[in-house]
Amino acid sequence: MTSLNKNILSEWTSEIEAALKSSLSQYCAIFNLKGNLLFSNEAFNDLVKDNHRDSFKNPTFNSLISIEQHESLIFQGYLTIGDSGKNDISLFAHVFRKNEKILFLGGLDSPQILRQNSQLAELNSEINKLQRELVKKTVSLEHALDQLGIANQELKKEQMTRDKLYSVIAHDLRSPLNTIIGFITLMKDTFQEISVEEIENYLDIINSSTNKTLGLLDNLLNWTKTQTGQIIFNPQKVDLTEIINEIIDIALPTAKVKNINFRFKPVHEADVLVDPEMFKVILRNIFYNAIKFTHLNGEIEVISQIVEDNIQISIRDSGVGMDKTTCDKLFSSDETFTTTGTGGEKGSGLGLLVSKEFVNRHNGKIWAESGEGVGTTFFIRLKEFSPKSKQLVNTSQSDNLKSNSSPTILIAEDDEIGFNYLKSVLESDGYTILRAKNGTEVITICKTNPEIDLVLMDILMPKVDGYEATREILKFRPELPIIGQSSLNFAENREKAIKTGCIDFFVKPVSKNDLLSIVEKHLK
């Protein structure tokens, strides 16, 4: 620096000193060699609050004082400095040593500021990008939470279904089974002592309890399938009067225990478009409910008629009735409502819920009207029907169906008790019976016995199931009538059996009259 410049600067010493002290962009500090701070301006004080010596990060204070000195300037370049709890900053610095003191002067140069501005711009862009990603993830998270909420509701519903199943199995299913076991044990222990009339009475009770158990199992399976969306709806055109009479016949043994009389009045006859198995479940549940709440020696009236362009079935009992509050709860899915019958009968509350679900599948309507002490009437309305004129049924026709020759029926049944029942019923009506215990035997017996007139095919058998066995038999005996049978009362089983080639289908256990009727129908 020239002497002229020195002289000029010396004129401004006090001004330069004041500006340096108050500057916020130029950092100035003086230390002794021990690192004690002797002076610092506002900028340095704002940057470093404590631990002044240790605030020098790179190079460190010890490194600076260790530099071999040739002139007062001992360091020139970028120096990293920072205080605890703050981010470090790199300053372009000049460090001088003179008179056992260290002078630090530093600041931000223009290129450094431009670079930092550019870095800030990039950082800001990255922040904006992260914010956009955060918004997307927030939306995705909200959607996931919504899905989780739906899944949680489904889980609660499944848990309620499971708990209900456990409750029914643990209590409602055990009750009729205990009744059956109790009366069978009683008959076994006192067989030599009791009269024929008492035996008949016990058998009526056992038969009633068995039907209740079967109905409860059907309701359990049907309700579970409706809750999980697995049930198949297969509507067909059926005769309403015939299907009502069929369910009345099934319910009669239970009604007989309480000496209850059924009266059916078909004011209008019609063919209805319904899923036959679903519709039978609906009627059976309503009929059994009416029996449950009807007094001894009471009456149940069933009427079918056309009302407001719908076919309406009403089931009126002469039972205890109920108040409006109770009536409104009958078909509520939020709570299972059940009370004890007039004969102490227990219930699961599933029957009416299943009936409502099934009526809804038919786009129909079901409701009840009642009053305390005046009985209850259930109404079912269906839209899909076609009226027809009444036709007299020739009840003696079935007596003349069989010719003098004895038709041969092959029963494909692996269950011993199930086979013995079917065999006993059919042999008592004059049929010749053959048996197969698995699907392979069915096929073989049909090949080697051309005299077989009809096959009762259990669809669930070992080795080869009934579906596959039916397909194989029809390849070499395409004219042979095969009737599917199963203890599983699911519409999809019937549908699959018919598609496989069965000409008809029934669910076990089957009543004697129904079994003979279906066999005679296909042996005409």
# chains A, B, ... in the order shown; residues from 1 in each chain; ligands from 1

call {"tool": "select_by_dssp", "arguments": {"residues": "segment 387-500 of chain A", "states": "alpha helix (DSSP H)", "output": "ChimeraX atom specification"}}
result
/A:416-428,439-448,466-476,491-500

call {"tool": "residues_around", "arguments": {"residues": "Met187 of chain A", "least_positions_apart": "2", "cutoff": "12 Å", "atoms": "only C-alpha atoms", "output": "PyMOL selection string"}}
result
chain A and resi 180-185+189-196+198-203+205-206

call {"tool": "select_by_dssp", "arguments": {"residues": "segment 258-336 of chain A", "states": "strand (DSSP E or B)", "output": "ChimeraX atom specification"}}
result
/A:261-266,269-274,294,299-307,310-317,319

call {"tool": "closest_residue", "arguments": {"among": "A:Ser314, A:Ser23, A:Asn285, A:Ser66", "to": "Lys265 of chain A", "atoms": "only C-alpha atoms"}}
result
A:Ser314

call {"tool": "residues_around", "arguments": {"residues": "Gln485 of chain A", "least_positions_apart": "6", "cutoff": "9 Å", "atoms": "only C-alpha atoms", "output": "list in words"}}
result
Leu456, Met457, Asp458, Ile459, Leu460, Gly466, Arg494, Ala497, Asp504, Phe505, Phe506, Val507 and Lys508 of chain A

call {"tool": "atom_distance", "arguments": {"atom1": "atom CA of Lys521 of chain A", "atom2": "atom CA of Lys499 of chain A"}}
result
19.6 Å
